[in-house]
>>> print(open('entry.pdb').read())   # PDB, C-alpha atoms
ATOM      1  CA  LEU Y   2      -0.009 -11.158  14.499
ATOM      2  CA  ALA Y   3      -1.069  -7.518  14.868
ATOM      3  CA  LYS Y   4      -4.240  -8.186  12.889
ATOM      4  CA  ALA Y   5      -5.143 -11.136  15.111
ATOM      5  CA  ASP Y   6      -4.443  -9.295  18.369
ATOM      6  CA  LYS Y   7      -4.648  -5.486  18.314
ATOM      7  CA  SER Y   8      -3.155  -5.273  21.814
ATOM      8  CA  VAL Y   9       0.140  -6.767  20.676
ATOM      9  CA  SER Y  10       1.927  -3.374  20.625
ATOM     10  CA  SER Y  11       0.978  -2.662  24.249
ATOM     11  CA  ARG Y  12       1.996  -6.151  25.309
ATOM     12  CA  LEU Y  13       5.361  -5.778  23.635
ATOM     13  CA  GLN Y  14       5.834  -2.402  25.335
ATOM     14  CA  HIS Y  15       5.279  -3.979  28.761
ATOM     15  CA  ILE Y  16       7.672  -6.871  28.031
ATOM     16  CA  ILE Y  17      10.371  -4.553  26.652
ATOM     17  CA  ASP Y  18      10.128  -2.155  29.601
ATOM     18  CA  HIS Y  19       9.841  -4.703  32.423
ATOM     19  CA  VAL Y  20      11.204  -8.060  31.260
ATOM     20  CA  TRP Y  21      13.794  -7.460  28.547
ATOM     21  CA  LYS Y  22      15.228  -4.141  29.763
ATOM     22  CA  ASP Y  23      18.402  -5.749  31.120
ATOM     23  CA  GLY Y  24      18.578  -8.589  28.626
ATOM     24  CA  LYS Y  25      20.491  -9.048  25.385
ATOM     25  CA  LEU Y  26      17.587 -10.163  23.231
ATOM     26  CA  PHE Y  27      17.078  -8.439  19.887
ATOM     27  CA  LEU Y  28      13.504  -8.297  18.598
ATOM     28  CA  ILE Y  29      13.054  -7.712  14.869
ATOM     29  CA  LEU Y  30       9.616  -6.595  13.705
ATOM     30  CA  CYS Y  31       8.914  -6.989  10.000
ATOM     31  CA  GLY Y  32       5.875  -5.854   8.061
ATOM     32  CA  SER Y  33       4.894  -5.253   4.440
ATOM     33  CA  SER Y  34       2.252  -2.643   5.304
ATOM     34  CA  MET Y  35       4.037   0.701   5.346
ATOM     35  CA  SER Y  36       1.141   2.486   7.020
ATOM     36  CA  PHE Y  37       0.970  -0.047   9.843
ATOM     37  CA  MET Y  38       4.713   0.020  10.488
ATOM     38  CA  GLU Y  39       4.844   3.824  10.448
ATOM     39  CA  TYR Y  40       1.828   4.539  12.616
ATOM     40  CA  GLN Y  41       1.453   1.458  14.823
ATOM     41  CA  VAL Y  42       5.136   0.714  15.432
ATOM     42  CA  LEU Y  43       7.171   3.868  14.790
ATOM     43  CA  GLY Y  44       4.527   6.567  15.265
ATOM     44  CA  TYR Y  45       4.419   8.983  18.220
ATOM     45  CA  GLU Y  46       1.141   7.520  19.521
ATOM     46  CA  SER Y  47       2.348   3.914  19.303
ATOM     47  CA  PRO Y  48       3.130   2.113  22.603
ATOM     48  CA  LEU Y  49       6.443   1.134  20.992
ATOM     49  CA  TYR Y  50       7.482   4.699  20.149
ATOM     50  CA  GLY Y  51      11.089   5.454  21.041
ATOM     51  CA  ARG Y  52      11.943   1.853  21.873
ATOM     52  CA  HIS Y  53      13.571   0.823  18.622
ATOM     53  CA  THR Y  54      17.333   0.984  18.110
ATOM     54  CA  GLY Y  55      17.172   1.004  14.328
ATOM     55  CA  GLN Y  56      14.824   0.925  11.381
ATOM     56  CA  TYR Y  57      15.394  -0.174   7.815
ATOM     57  CA  LYS Y  58      13.244   0.096   4.720
ATOM     58  CA  ILE Y  59      13.804  -2.991   2.590
ATOM     59  CA  HIS Y  60      13.443  -2.111  -1.085
ATOM     60  CA  ALA Y  61      12.312  -4.388  -3.883
ATOM     61  CA  LEU Y  62      14.984  -6.286  -5.776
ATOM     62  CA  ASN Y  63      16.329  -4.802  -8.997
ATOM     63  CA  TYR Y  64      16.287  -6.566 -12.361
ATOM     64  CA  LYS Y  65      19.743  -8.099 -11.964
ATOM     65  CA  GLU Y  66      18.911  -9.493  -8.526
ATOM     66  CA  ILE Y  67      15.653 -11.154  -9.580
ATOM     67  CA  THR Y  68      17.426 -13.162 -12.299
ATOM     68  CA  ALA Y  69      19.007 -15.320  -9.591
ATOM     69  CA  PHE Y  70      15.595 -16.842  -8.790
ATOM     70  CA  ASN Y  71      15.186 -18.420 -12.245
ATOM     71  CA  PRO Y  72      18.582 -18.401 -14.002
ATOM     72  CA  GLU Y  73      17.306 -20.731 -16.731
ATOM     73  CA  LEU Y  74      15.012 -18.012 -18.179
ATOM     74  CA  ASP Y  75      16.127 -15.868 -21.107
ATOM     75  CA  ASN Y  76      16.328 -12.061 -20.959
ATOM     76  CA  GLU Y  77      12.803 -11.469 -22.262
ATOM     77  CA  GLN Y  78      11.294 -13.912 -19.782
ATOM     78  CA  GLN Y  79      13.293 -12.337 -16.946
ATOM     79  CA  ALA Y  80      11.902  -8.943 -17.980
ATOM     80  CA  LEU Y  81       8.378 -10.360 -17.788
ATOM     81  CA  VAL Y  82       9.023 -11.751 -14.303
ATOM     82  CA  TYR Y  83      10.348  -8.366 -13.203
ATOM     83  CA  GLY Y  84       7.410  -6.521 -14.771
ATOM     84  CA  VAL Y  85       4.811  -8.824 -13.208
ATOM     85  CA  THR Y  86       6.338  -9.019  -9.721
ATOM     86  CA  GLY Y  87       7.987  -5.595  -9.368
ATOM     87  CA  GLY Y  88      11.012  -7.281  -7.803
ATOM     88  CA  ILE Y  89       9.111  -8.510  -4.725
ATOM     89  CA  PRO Y  90      10.610 -11.899  -3.712
ATOM     90  CA  HIS Y  91       7.302 -13.196  -2.341
ATOM     91  CA  TYR Y  92       5.609 -12.554  -5.687
ATOM     92  CA  ILE Y  93       8.497 -14.162  -7.605
ATOM     93  CA  ASN Y  94       8.156 -17.301  -5.498
ATOM     94  CA  LYS Y  95       4.429 -17.315  -6.236
ATOM     95  CA  LEU Y  96       5.272 -18.098  -9.882
ATOM     96  CA  ASP Y  97       6.272 -21.558  -8.652
ATOM     97  CA  VAL Y  98       2.645 -22.431  -8.053
ATOM     98  CA  ASP Y  99       0.848 -25.459  -6.705
ATOM     99  CA  GLY Y 100      -2.426 -26.187  -8.480
ATOM    100  CA  ASP Y 101      -4.045 -25.129 -11.743
ATOM    101  CA  VAL Y 102      -3.300 -21.722 -13.254
ATOM    102  CA  ASP Y 103      -5.378 -19.093 -15.069
ATOM    103  CA  VAL Y 104      -3.663 -16.607 -17.398
ATOM    104  CA  VAL Y 105      -5.543 -13.756 -19.108
ATOM    105  CA  ILE Y 106      -3.686 -11.603 -21.638
ATOM    106  CA  LEU Y 107      -4.908  -8.272 -23.022
ATOM    107  CA  LEU Y 108      -3.389  -7.573 -26.449
ATOM    108  CA  GLY Y 109      -2.855  -4.225 -28.087
ATOM    109  CA  GLY Y 110      -0.365  -2.269 -30.184
ATOM    110  CA  GLY Y 111       1.382  -4.460 -32.753
ATOM    111  CA  MET Y 112       0.245  -8.030 -33.245
ATOM    112  CA  GLN Y 113       3.608  -9.554 -34.241
ATOM    113  CA  ALA Y 114       5.371  -8.063 -31.242
ATOM    114  CA  ASN Y 115       2.546  -9.296 -29.067
ATOM    115  CA  ARG Y 116       2.786 -12.808 -30.497
ATOM    116  CA  GLU Y 117       6.398 -12.995 -29.365
ATOM    117  CA  THR Y 118       5.574 -11.526 -25.947
ATOM    118  CA  VAL Y 119       2.655 -13.908 -25.476
ATOM    119  CA  ASP Y 120       5.013 -16.805 -26.198
ATOM    120  CA  SER Y 121       7.464 -15.478 -23.609
ATOM    121  CA  ALA Y 122       4.695 -15.088 -21.036
ATOM    122  CA  ILE Y 123       3.396 -18.608 -21.629
ATOM    123  CA  ASN Y 124       6.949 -19.984 -21.436
ATOM    124  CA  LEU Y 125       6.936 -18.982 -17.758
ATOM    125  CA  PHE Y 126       4.227 -21.597 -17.213
ATOM    126  CA  LYS Y 127       5.427 -24.319 -19.605
ATOM    127  CA  PRO Y 128       7.212 -26.290 -16.856
ATOM    128  CA  LEU Y 129       3.841 -26.490 -15.104
ATOM    129  CA  MET Y 130       2.092 -27.490 -18.326
ATOM    130  CA  MET Y 131       4.558 -30.328 -18.834
ATOM    131  CA  ASN Y 132       4.435 -31.816 -15.348
ATOM    132  CA  GLY Y 133       1.258 -33.739 -16.149
ATOM    133  CA  LYS Y 134      -0.537 -32.483 -13.028
ATOM    134  CA  THR Y 135      -1.134 -28.759 -13.583
ATOM    135  CA  LYS Y 136      -3.710 -27.348 -15.968
ATOM    136  CA  VAL Y 137      -2.831 -23.938 -17.446
ATOM    137  CA  LYS Y 138      -5.690 -22.042 -19.074
ATOM    138  CA  LEU Y 139      -5.298 -19.006 -21.334
ATOM    139  CA  GLY Y 140      -7.762 -16.209 -22.025
ATOM    140  CA  LEU Y 141      -7.037 -13.727 -24.846
ATOM    141  CA  ILE Y 142      -8.699 -10.322 -25.161
ATOM    142  CA  SER Y 143      -7.960  -7.854 -27.974
ATOM    143  CA  LEU Y 144      -7.613  -4.129 -27.320
ATOM    144  CA  GLU Y 145      -7.519  -2.998 -30.929
ATOM    145  CA  LYS Y 146      -9.683  -5.284 -33.061
ATOM    146  CA  GLY Y 147     -13.411  -5.300 -33.706
ATOM    147  CA  GLU Y 148     -13.974  -8.577 -31.845
ATOM    148  CA  GLU Y 149     -12.848  -8.319 -28.248
ATOM    149  CA  ILE Y 150     -12.726 -11.815 -26.712
ATOM    150  CA  ILE Y 151     -10.452 -14.066 -28.767
ATOM    151  CA  VAL Y 152     -10.281 -16.980 -26.321
ATOM    152  CA  ASP Y 153     -12.642 -17.274 -23.370
ATOM    153  CA  LEU Y 154     -10.707 -18.407 -20.313
ATOM    154  CA  ASN Y 155     -13.586 -20.650 -19.290
ATOM    155  CA  SER Y 156     -13.967 -22.464 -22.625
ATOM    156  CA  GLU Y 157     -12.567 -25.912 -23.402
ATOM    157  CA  GLU Y 158     -10.037 -24.551 -25.891
ATOM    158  CA  ALA Y 159      -8.469 -22.378 -23.176
ATOM    159  CA  VAL Y 160      -6.670 -25.380 -21.657
ATOM    160  CA  LEU Y 161      -3.125 -25.285 -23.046
ATOM    161  CA  ASP Y 162      -1.278 -28.361 -24.258
ATOM    162  CA  PRO Y 163       2.498 -27.902 -24.730
ATOM    163  CA  GLU Y 164       2.414 -30.256 -27.726
ATOM    164  CA  THR Y 165      -0.272 -28.307 -29.587
ATOM    165  CA  TYR Y 166       0.418 -24.809 -28.232
ATOM    166  CA  GLU Y 167       2.322 -23.600 -31.313
ATOM    167  CA  GLU Y 168      -0.485 -24.591 -33.669
ATOM    168  CA  PHE Y 169      -3.102 -23.153 -31.308
ATOM    169  CA  ILE Y 170      -1.495 -19.730 -30.859
ATOM    170  CA  THR Y 171      -0.613 -19.440 -34.569
ATOM    171  CA  GLU Y 172      -4.259 -20.075 -35.442
ATOM    172  CA  LYS Y 173      -5.462 -17.487 -32.934
ATOM    173  CA  PHE Y 174      -3.120 -14.774 -34.185
ATOM    174  CA  ALA Y 175      -4.092 -15.491 -37.782
ATOM    175  CA  TYR Y 176      -7.689 -15.003 -36.695
ATOM    176  CA  ILE Y 177      -6.847 -11.766 -34.861
ATOM    177  CA  ASN Y 178      -5.107 -10.350 -37.930
ATOM    178  CA  SER Y 179      -8.137 -11.167 -40.089
ATOM    179  CA  LEU Y 180     -10.452  -9.044 -37.950
ATOM    180  CA  PRO Y 181     -11.371  -5.473 -38.906
ATOM    181  CA  GLY Y 182      -9.547  -2.691 -37.114
ATOM    182  CA  GLY Y 183     -10.957  -0.631 -34.303
ATOM    183  CA  SER Y 184     -10.029   0.226 -30.753
ATOM    184  CA  THR Y 185     -11.687  -0.835 -27.521
ATOM    185  CA  ASN Y 186     -11.794   0.694 -24.063
ATOM    186  CA  LEU Y 187      -8.992  -0.497 -21.774
ATOM    187  CA  HIS Y 188     -11.079  -0.039 -18.634
ATOM    188  CA  SER Y 189     -13.938  -2.153 -19.984
ATOM    189  CA  GLN Y 190     -11.496  -4.843 -21.117
ATOM    190  CA  LEU Y 191      -9.854  -4.949 -17.695
ATOM    191  CA  LEU Y 192     -13.294  -5.508 -16.207
ATOM    192  CA  GLU Y 193     -13.904  -8.271 -18.764
ATOM    193  CA  ALA Y 194     -10.600  -9.892 -17.813
ATOM    194  CA  GLN Y 195     -11.499  -9.710 -14.120
ATOM    195  CA  LYS Y 196     -14.886 -11.223 -14.899
ATOM    196  CA  MET Y 197     -13.192 -14.130 -16.679
ATOM    197  CA  LEU Y 198     -10.834 -14.766 -13.790
ATOM    198  CA  ASP Y 199     -13.554 -14.511 -11.155
ATOM    199  CA  ALA Y 200     -15.780 -16.947 -13.054
ATOM    200  CA  ASP Y 201     -13.274 -19.771 -12.657
ATOM    201  CA  THR Y 202     -13.818 -20.765  -9.037
ATOM    202  CA  SER Y 203     -11.779 -23.962  -9.438
ATOM    203  CA  VAL Y 204      -8.497 -22.013  -9.434
ATOM    204  CA  ARG Y 205      -7.112 -20.308  -6.340
ATOM    205  CA  THR Y 206      -6.845 -16.511  -6.443
ATOM    206  CA  GLU Y 207      -3.050 -16.569  -6.031
ATOM    207  CA  ASN Y 208      -2.791 -18.736  -9.165
ATOM    208  CA  LYS Y 209      -4.505 -16.195 -11.433
ATOM    209  CA  TYR Y 210      -2.419 -13.879 -13.637
ATOM    210  CA  LEU Y 211      -3.301 -10.890 -15.812
ATOM    211  CA  PHE Y 212      -0.905  -9.509 -18.443
ATOM    212  CA  VAL Y 213      -1.532  -6.288 -20.374
ATOM    213  CA  LEU Y 214       0.613  -6.320 -23.520
ATOM    214  CA  ALA Y 215       0.285  -2.977 -25.293
ATOM    215  CA  THR Y 216       2.782  -0.710 -27.013
TER     216      THR Y 216
END
>>> encode(input="entry.pdb", output="structure tokens")
Amino acid sequence: LAKADKSVSSRLQHIIDHVWKDGKLFLILCGSSMSFMEYQVLGYESPLYGRHTGQYKIHALNYKEITAFNPELDNEQQALVYGVTGGIPHYINKLDVDGDVDVVILLGGGMQANRETVDSAINLFKPLMMNGKTKVKLGLISLEKGEEIIVDLNSEEAVLDPETYEEFITEKFAYINSLPGGSTNLHSQLLEAQKMLDADTSVRTENKYLFVLAT
């Protein structure tokens, strides 16, 4: 609202002072932009300064609270949800997506541990994979092997099939472990991951996920 009409604060000031001053109406203003709420609503120069009767900072949910959103997930999957969303309910709800999904995973620091974590990450999207309507694509990038791109998000093999996923991921990790050692630059790999995601214009931005799995 404030972005669409920058005069909204002044309009609210006039209504509060001249229309609602003797009424019993409570107006609750909510905003996720801290800077806007502090300077445009609560700040000394704001037309609304001094007119609020209370203010509350709503914190992100903790780990225990976020588990109520998806009680069917195991502890490791719940930890992934918490790590990806930071406990923000809006982001948690975004995991229940409509449309195709892109997932890019950067791997580093212990291949066996990463295999298990990759499985847990993909399990978040398996209900979508099994609904027959949603296409989930996976891109894999190594942070510690000589060859960097293991699976290109925009290749045919990136489309995951729940029936063949186990064979697919086992083959990819066997390939990763056969590569010579060597480290890569995290910054350059993040740019590569972003490039992969940006290249797929068929998937909406809110349906694109990036995981960095490194110990």
>>> resolve_selection(input="entry.pdb", expression="the PyMOL selection byres ((chain Y and resi 194-210) around 10)", output="ChimeraX atom specification")
/Y:85,92,95-107,136-142,150,153-155,188-193,211-212
>>> closest_atom_pairs(input="entry.pdb", of="segment 70-177 of chain Y", to="segment 53-64 of chain Y", cutoff="10 Å", atoms="all atoms listed in the file", output="tab-separated table")
residue	atom	partner	partner_atom	distance
Y:Gln79	CA	Y:Tyr64	CA	8.0
Y:Ala80	CA	Y:Tyr64	CA	7.5
Y:Val82	CA	Y:Tyr64	CA	9.1
Y:Tyr83	CA	Y:Tyr64	CA	6.3
Y:Gly84	CA	Y:Tyr64	CA	9.2
Y:Thr86	CA	Y:Ala61	CA	9.6
Y:Gly87	CA	Y:Ala61	CA	7.1
Y:Gly88	CA	Y:Leu62	CA	4.6
Y:Ile89	CA	Y:Ala61	CA	5.3
Y:Pro90	CA	Y:Leu62	CA	7.4
>>> atom_distance(input="entry.pdb", atom1="atom CA of Ala159 of chain Y", atom2="atom CA of Asn186 of chain Y")
23.3 Å
>>> closest_residue(input="entry.pdb", among="Y:Ser121, Y:Gln41, Y:Asn94, Y:Thr165", to="Asn76 of chain Y", atoms="all atoms listed in the file")
Y:Ser121
>>> residues_around(input="entry.pdb", residues="segment 6-23 of chain Y", least_positions_apart="3", cutoff="12 Å", atoms="all atoms listed in the file", output="list in words")
Leu2, Ala3, Leu26, Phe27, Leu28, Ile29, Leu30, Phe37, Met38, Tyr40, Gln41, Val42, Leu43, Gly44, Glu46, Ser47, Pro48, Leu49, Tyr50, Gly51, Arg52 and His53 of chain Y
>>> resolve_selection(input="entry.pdb", expression="the PyMOL selection byres ((chain Y and resi 125) around 9)", output="ChimeraX atom specification")
/Y:74,78,81-82,96,120-124,126-129
>>> atom_distance(input="entry.pdb", atom1="atom CA of Ser143 of chain Y", atom2="atom CA of Leu108 of chain Y")
4.8 Å
>>> closest_residue(input="entry.pdb", among="Y:Leu161, Y:Ile151, Y:Leu144, Y:Leu214", to="Met130 of chain Y", atoms="all atoms listed in the file")
Y:Leu161
>>> atom_distance(input="entry.pdb", atom1="atom CA of Leu187 of chain Y", atom2="atom CA of Glu167 of chain Y")
27.4 Å
>>> axis_aligned_box(input="entry.pdb", around="segment 117-125 of chain Y", padding_each_side="5 Å", output="JSON")
{"center_x": 5.1, "center_y": -15.8, "center_z": -23.6, "size_x": 14.8, "size_y": 18.5, "size_z": 21.6}
>>> residues_around(input="entry.pdb", residues="Thr171 of chain Y", least_positions_apart="2", cutoff="12 Å", atoms="all atoms listed in the file", output="list of chain:residue names")
Y:Met112, Y:Gln113, Y:Asn115, Y:Arg116, Y:Glu117, Y:Val119, Y:Asp120, Y:Thr165, Y:Tyr166, Y:Glu167, Y:Glu168, Y:Phe169, Y:Lys173, Y:Phe174, Y:Ala175, Y:Tyr176, Y:Ile177, Y:Asn178
>>> write_last_selection(input="entry.pdb", atoms="C-alpha atoms", output="PDB file, in the frame of the given file")
ATOM      1  CA  MET Y 112       0.245  -8.030 -33.245  1.00  0.00           C
ATOM      2  CA  GLN Y 113       3.608  -9.554 -34.241  1.00  0.00           C
ATOM      3  CA  ASN Y 115       2.546  -9.296 -29.067  1.00  0.00           C
ATOM      4  CA  ARG Y 116       2.786 -12.808 -30.497  1.00  0.00           C
ATOM      5  CA  GLU Y 117       6.398 -12.995 -29.365  1.00  0.00           C
ATOM      6  CA  VAL Y 119       2.655 -13.908 -25.476  1.00  0.00           C
ATOM      7  CA  ASP Y 120       5.013 -16.805 -26.198  1.00  0.00           C
ATOM      8  CA  THR Y 165      -0.272 -28.307 -29.587  1.00  0.00           C
ATOM      9  CA  TYR Y 166       0.418 -24.809 -28.232  1.00  0.00           C
ATOM     10  CA  GLU Y 167       2.322 -23.600 -31.313  1.00  0.00           C
ATOM     11  CA  GLU Y 168      -0.485 -24.591 -33.669  1.00  0.00           C
ATOM     12  CA  PHE Y 169      -3.102 -23.153 -31.308  1.00  0.00           C
ATOM     13  CA  LYS Y 173      -5.462 -17.487 -32.934  1.00  0.00           C
ATOM     14  CA  PHE Y 174      -3.120 -14.774 -34.185  1.00  0.00           C
ATOM     15  CA  ALA Y 175      -4.092 -15.491 -37.782  1.00  0.00           C
ATOM     16  CA  TYR Y 176      -7.689 -15.003 -36.695  1.00  0.00           C
ATOM     17  CA  ILE Y 177      -6.847 -11.766 -34.861  1.00  0.00           C
ATOM     18  CA  ASN Y 178      -5.107 -10.350 -37.930  1.00  0.00           C
TER      19      ASN Y 178
END
